[in-house]
2 protein chains.
Amino acid sequence: MRSIPPATVSRLPVYLRSLRDLPERQATCSSDQLAALAGVNSAQVRKDLSFLNPAGVRGVGYDVAGLSDLLRDALGLTHEYAVAIVGAGNLGSALANYRGFAGWGFEVVALFDSDPSKVGSEIAGREIEPMADLERVVADRGVAIAIIATPAEAAQEVADRLVAADVRSILNFAPASLRVPGNVAVRRVHLSTELQILTFHLKQLAGDGG
Amino acid sequence: MRSIPPATVSRLPVYLRSLRDLPERQATCSSDQLAALAGVNSAQVRKDLSFLNPAGVRGVGYDVAGLSDLLRDALGLTHEYAVAIVGAGNLGSALANYRGFAGWGFEVVALFDSDPSKVGSEIAGREIEPMADLERVVADRGVAIAIIATPAEAAQEVADRLVAADVRSILNFAPASLRVPGNVAVRRVHLSTELQILTFHLKQLAGDGG
């Protein structure tokens, strides 16, 4: 498992979600269908999934339930993860309210803010806690993943504290590059990337005279 | 240009951002370095960029300024795009305040909400407008891209109105699949996907005994 390339890893959740979107009664799925759902080509699908040694049947396709299990296992989605959100501004609040996490085994167990006027108020049924409690709460509640939704200026200090508190996975929404040790994974969400993919489409339409 | 595969298109913004992150004085960039910055392998970089016919010099690499221009051109980033945000809840507000859009030629020109108590208040210096004005505002301000940040239940109706108002690119944050005509591009942002990539990393750490 250790040798799965990062680009393949980033596509595994897309395959898993695509399988989940299939009609419930569908038992098998061809690489062509999975490719269409995931938005990649079918050779890429077969290559990516070959890392998981799936039981594909030639001419029939992948067993949907079996492949879903392999994907969940590869992604470590076989148990629950405690998530902390740092920064309870608009973005942090939106993430705390986001309904898409729970179905995948992610539970938001803490929400922090440095603003004393926010501490104690509730978002999505969870009380905002002060930054001073970060280390204690992370340890007590077994936080595995932290989401940084602070302003850019605060992000590095927050990351340093999370790393010192043994958090090894960080999702960074702050528009800032983070320096972390090699054993910490950081994913940065670039919202402008999605818009740029759309402008490609707009340019194609313009080229079509549309 | 028309034949660039979707998966390649989705990586072009990553390459462009990676080049922008290089030190200013760096004039050339190898495919190995670009691959490392973009998180893909160098064969993929060379294959993706071959669609743009870049002026690569063997043993030296790509000309940074020239390649950046090709990428911007391919992505249609050579002019400004007017963006409308529909839904002024926490997520819509966070997006309206997001500082990462402007540097790439995206300007938020309108912000809509269906809640009369929100209409008229300001976010990021822009007044929230009523949904009744959607079609007129989209036409008057030449909105090219719309961001849907409504609850799931409202997303399809909003998409239908945007499409009828001639918006051809939609970025969908609502946890709902949208049905749109074939000439409309929709990108859906799945926040849980990013967390799943992080759990893969956590699983690797656990396997290391770390």
# chains A, B, ... in the order shown; residues from 1 in each chain; ligands from 1
>>> residues_around(residues="Val108 of chain B", least_positions_apart="4", cutoff="7 Å", atoms="only C-alpha atoms", output="MDAnalysis selection string")
chainID B and resid 82:84 96
>>> closest_atom_pairs(of="chain B", to="chain A", cutoff="6 Å", atoms="only C-alpha atoms", output="Markdown table")
| residue | atom | partner | partner_atom | distance |
| --- | --- | --- | --- | --- |
| B:Ala7 | CA | A:Val40 | CA | 5.8 |
| B:Ser10 | CA | A:Ile197 | CA | 5.9 |
| B:Pro13 | CA | A:Thr193 | CA | 5.7 |
| B:Val40 | CA | A:Ala7 | CA | 5.8 |
| B:Leu75 | CA | A:Phe200 | CA | 4.3 |
| B:Gly76 | CA | A:Lys203 | CA | 5.4 |
| B:Asn90 | CA | A:Asn90 | CA | 4.7 |
| B:Leu91 | CA | A:Ala94 | CA | 5.0 |
| B:Ala94 | CA | A:Asn90 | CA | 5.0 |
| B:Phe101 | CA | A:Ser192 | CA | 5.6 |
| B:Ser169 | CA | A:Leu198 | CA | 5.9 |
| B:Ser192 | CA | A:Phe101 | CA | 5.6 |
| B:Thr193 | CA | A:Pro13 | CA | 5.7 |
| B:Ile197 | CA | A:Ser10 | CA | 5.9 |
| B:Leu198 | CA | A:Ser169 | CA | 5.9 |
| B:Thr199 | CA | A:Gly76 | CA | 5.6 |
| B:Phe200 | CA | A:Leu75 | CA | 4.3 |
| B:Lys203 | CA | A:Gly76 | CA | 5.4 |
>>> residues_around(residues="Glu157 of chain A", least_positions_apart="4", cutoff="12 Å", atoms="only C-alpha atoms", output="PyMOL selection string")
chain A and resi 86+131+148+150-153+161-164+176-180
>>> residues_around(residues="Ala55 of chain B", least_positions_apart="4", cutoff="8 Å", atoms="only C-alpha atoms", output="list of chain:residue names")
B:Tyr62, B:Asp63, B:Gly66, B:Leu67
>>> write_last_selection(atoms="all heavy atoms", output="PDB file, in the first residue's frame")
ATOM      1  N   TYR B  62      11.585  24.439 -18.902  1.00  0.00           N
ATOM      2  CA  TYR B  62      10.633  25.368 -19.500  1.00  0.00           C
ATOM      3  C   TYR B  62      10.994  26.802 -19.139  1.00  0.00           C
ATOM      4  O   TYR B  62      11.455  27.077 -18.027  1.00  0.00           O
ATOM      5  CB  TYR B  62       9.225  25.075 -18.987  1.00  0.00           C
ATOM      6  CG  TYR B  62       8.740  23.679 -19.291  1.00  0.00           C
ATOM      7  CD1 TYR B  62       8.683  22.716 -18.297  1.00  0.00           C
ATOM      8  CD2 TYR B  62       8.346  23.334 -20.576  1.00  0.00           C
ATOM      9  CE1 TYR B  62       8.239  21.429 -18.570  1.00  0.00           C
ATOM     10  CE2 TYR B  62       7.898  22.048 -20.859  1.00  0.00           C
ATOM     11  CZ  TYR B  62       7.852  21.108 -19.851  1.00  0.00           C
ATOM     12  OH  TYR B  62       7.417  19.844 -20.132  1.00  0.00           O
ATOM     13  N   ASP B  63      10.732  27.711 -20.061  1.00  0.00           N
ATOM     14  CA  ASP B  63      10.840  29.136 -19.775  1.00  0.00           C
ATOM     15  C   ASP B  63       9.631  29.528 -18.910  1.00  0.00           C
ATOM     16  O   ASP B  63       8.478  29.341 -19.320  1.00  0.00           O
ATOM     17  CB  ASP B  63      10.839  29.908 -21.095  1.00  0.00           C
ATOM     18  CG  ASP B  63      10.782  31.410 -20.879  1.00  0.00           C
ATOM     19  OD1 ASP B  63      11.757  31.953 -20.339  1.00  0.00           O
ATOM     20  OD2 ASP B  63       9.738  32.015 -21.225  1.00  0.00           O
ATOM     21  N   GLY B  66       7.238  32.284 -20.335  1.00  0.00           N
ATOM     22  CA  GLY B  66       6.545  31.813 -21.533  1.00  0.00           C
ATOM     23  C   GLY B  66       5.499  30.755 -21.213  1.00  0.00           C
ATOM     24  O   GLY B  66       4.376  30.800 -21.730  1.00  0.00           O
ATOM     25  N   LEU B  67       5.871  29.823 -20.344  1.00  0.00           N
ATOM     26  CA  LEU B  67       4.932  28.759 -19.974  1.00  0.00           C
ATOM     27  C   LEU B  67       3.736  29.327 -19.195  1.00  0.00           C
ATOM     28  O   LEU B  67       2.591  28.907 -19.398  1.00  0.00           O
ATOM     29  CB  LEU B  67       5.655  27.681 -19.151  1.00  0.00           C
ATOM     30  CG  LEU B  67       4.816  26.490 -18.709  1.00  0.00           C
ATOM     31  CD1 LEU B  67       4.170  25.796 -19.910  1.00  0.00           C
ATOM     32  CD2 LEU B  67       5.660  25.485 -17.927  1.00  0.00           C
TER      33      LEU B  67
END
>>> atom_distance(atom1="atom CA of Val119 of chain B", atom2="atom CA of Ala132 of chain B")
11.0 Å
>>> atom_distance(atom1="atom CA of Asp113 of chain B", atom2="atom CA of Gly87 of chain B")
4.8 Å
>>> residues_around(residues="Val45 of chain B", least_positions_apart="2", cutoff="9 Å", atoms="only C-alpha atoms", output="PyMOL selection string")
chain B and resi 11+15+31-32+34-35+38+40-43+47-50
>>> select_by_dssp(residues="segment 56-105 of chain A", states="alpha helix (DSSP H)", output="ChimeraX atom specification")
/A:64-74,90-97
>>> write_last_selection(atoms="N, CA and C atoms", output="short mmCIF file (atom, residue, chain, number, x, y, z; two decimals), in the first residue's frame")
data_model
loop_
_atom_site.label_atom_id
_atom_site.label_comp_id
_atom_site.auth_asym_id
_atom_site.auth_seq_id
_atom_site.Cartn_x
_atom_site.Cartn_y
_atom_site.Cartn_z
N VAL A 64 -18.98 -3.84 -7.19
CA VAL A 64 -19.14 -2.53 -6.57
C VAL A 64 -18.88 -2.57 -5.06
N ALA A 65 -19.50 -3.54 -4.39
CA ALA A 65 -19.34 -3.62 -2.93
C ALA A 65 -17.89 -3.93 -2.56
N GLY A 66 -17.30 -4.88 -3.28
CA GLY A 66 -15.93 -5.27 -2.98
C GLY A 66 -14.95 -4.13 -3.22
N LEU A 67 -15.12 -3.44 -4.35
CA LEU A 67 -14.22 -2.34 -4.66
C LEU A 67 -14.39 -1.19 -3.67
N SER A 68 -15.64 -0.94 -3.25
CA SER A 68 -15.87 0.12 -2.25
C SER A 68 -15.14 -0.21 -0.96
N ASP A 69 -15.20 -1.48 -0.56
CA ASP A 69 -14.49 -1.89 0.67
C ASP A 69 -12.98 -1.68 0.53
N LEU A 70 -12.43 -2.06 -0.64
CA LEU A 70 -10.99 -1.89 -0.86
C LEU A 70 -10.60 -0.41 -0.80
N LEU A 71 -11.44 0.43 -1.40
CA LEU A 71 -11.15 1.87 -1.40
C LEU A 71 -11.22 2.44 0.01
N ARG A 72 -12.27 2.07 0.75
CA ARG A 72 -12.41 2.55 2.13
C ARG A 72 -11.22 2.09 2.97
N ASP A 73 -10.82 0.86 2.74
CA ASP A 73 -9.70 0.32 3.51
C ASP A 73 -8.41 1.07 3.17
N ALA A 74 -8.17 1.26 1.87
CA ALA A 74 -6.95 1.95 1.44
C ALA A 74 -6.91 3.37 1.99
N ASN A 90 -16.58 33.16 9.20
CA ASN A 90 -17.57 32.65 8.24
C ASN A 90 -17.21 31.27 7.72
N LEU A 91 -15.94 31.10 7.33
CA LEU A 91 -15.54 29.83 6.73
C LEU A 91 -15.58 28.70 7.77
N GLY A 92 -15.01 28.95 8.94
CA GLY A 92 -15.03 27.94 10.00
C GLY A 92 -16.46 27.56 10.37
N SER A 93 -17.32 28.56 10.43
CA SER A 93 -18.73 28.29 10.76
C SER A 93 -19.38 27.46 9.66
N ALA A 94 -19.08 27.82 8.41
CA ALA A 94 -19.64 27.06 7.29
C ALA A 94 -19.19 25.61 7.35
N LEU A 95 -17.92 25.39 7.67
CA LEU A 95 -17.39 24.03 7.75
C LEU A 95 -18.00 23.27 8.91
N ALA A 96 -18.19 23.96 10.04
CA ALA A 96 -18.80 23.30 11.20
C ALA A 96 -20.22 22.86 10.88
N ASN A 97 -20.89 23.62 10.01
CA ASN A 97 -22.26 23.29 9.62
C ASN A 97 -22.34 22.33 8.45
#
>>> select_by_dssp(residues="segment 2-70 of chain A", states="strand (DSSP E or B)", output="PyMOL selection string")
chain A and resi 28-29+56-57+61-63
>>> write_last_selection(atoms="C-alpha atoms", output="short mmCIF file (atom, residue, chain, number, x, y, z; two decimals), in the first residue's frame")
data_model
loop_
_atom_site.label_atom_id
_atom_site.label_comp_id
_atom_site.auth_asym_id
_atom_site.auth_seq_id
_atom_site.Cartn_x
_atom_site.Cartn_y
_atom_site.Cartn_z
CA THR A 28 -20.86 -4.39 -11.01
CA CYS A 29 -19.27 -1.38 -12.64
CA GLY A 56 -12.21 -7.40 -11.64
CA VAL A 57 -13.93 -9.84 -13.98
CA GLY A 61 -16.25 -5.08 -14.45
CA TYR A 62 -15.54 -4.45 -10.82
CA ASP A 63 -17.69 -5.75 -8.00
#
>>> atom_distance(atom1="atom CA of Phe173 of chain A", atom2="atom CA of Ala149 of chain A")
5.4 Å
>>> decode(residues="segment 48-98 of chain B", atoms="C-alpha atoms", output="CSV table (one decimal), in the first residue's frame")
chain,number,residue,atom,x,y,z
B,48,ASP,CA,0.0,17.6,-19.9
B,49,LEU,CA,2.1,20.5,-21.1
B,50,SER,CA,2.6,18.9,-24.5
B,51,PHE,CA,-0.9,20.0,-25.3
B,52,LEU,CA,0.3,23.6,-25.0
B,53,ASN,CA,3.3,23.2,-27.3
B,54,PRO,CA,5.6,24.9,-24.9
B,55,ALA,CA,9.2,26.0,-25.8
B,56,GLY,CA,11.1,23.5,-23.6
B,57,VAL,CA,14.9,23.4,-23.9
B,58,ARG,CA,16.3,19.9,-23.3
B,59,GLY,CA,18.5,19.9,-20.2
B,60,VAL,CA,17.3,23.4,-19.2
B,61,GLY,CA,13.6,23.2,-18.8
B,62,TYR,CA,10.6,25.4,-19.5
B,63,ASP,CA,10.8,29.1,-19.8
B,64,VAL,CA,8.8,30.2,-16.7
B,65,ALA,CA,7.4,33.4,-18.2
B,66,GLY,CA,6.5,31.8,-21.5
B,67,LEU,CA,4.9,28.8,-20.0
B,68,SER,CA,2.9,30.9,-17.6
B,69,ASP,CA,1.6,32.9,-20.6
B,70,LEU,CA,0.6,29.7,-22.4
B,71,LEU,CA,-1.2,28.4,-19.3
B,72,ARG,CA,-3.0,31.6,-18.7
B,73,ASP,CA,-4.0,31.7,-22.4
B,74,ALA,CA,-5.2,28.0,-22.4
B,75,LEU,CA,-7.2,28.6,-19.2
B,76,GLY,CA,-8.8,31.8,-20.6
B,77,LEU,CA,-7.2,33.9,-17.8
B,78,THR,CA,-6.4,36.7,-20.1
B,79,HIS,CA,-9.3,38.9,-19.0
B,80,GLU,CA,-11.5,39.6,-16.0
B,81,TYR,CA,-14.5,37.5,-15.1
B,82,ALA,CA,-17.5,38.7,-13.2
B,83,VAL,CA,-18.6,36.3,-10.5
B,84,ALA,CA,-21.9,36.1,-8.7
B,85,ILE,CA,-22.4,34.3,-5.4
B,86,VAL,CA,-25.8,32.9,-4.7
B,87,GLY,CA,-26.5,32.4,-1.0
B,88,ALA,CA,-25.1,34.7,1.6
B,89,GLY,CA,-24.9,32.4,4.6
B,90,ASN,CA,-21.6,31.5,6.3
B,91,LEU,CA,-20.1,29.9,3.2
B,92,GLY,CA,-21.3,32.6,0.7
B,93,SER,CA,-20.0,35.2,3.1
B,94,ALA,CA,-16.6,33.4,3.4
B,95,LEU,CA,-16.4,33.2,-0.4
B,96,ALA,CA,-17.3,36.9,-0.8
B,97,ASN,CA,-14.5,37.8,1.6
B,98,TYR,CA,-12.0,35.3,0.0
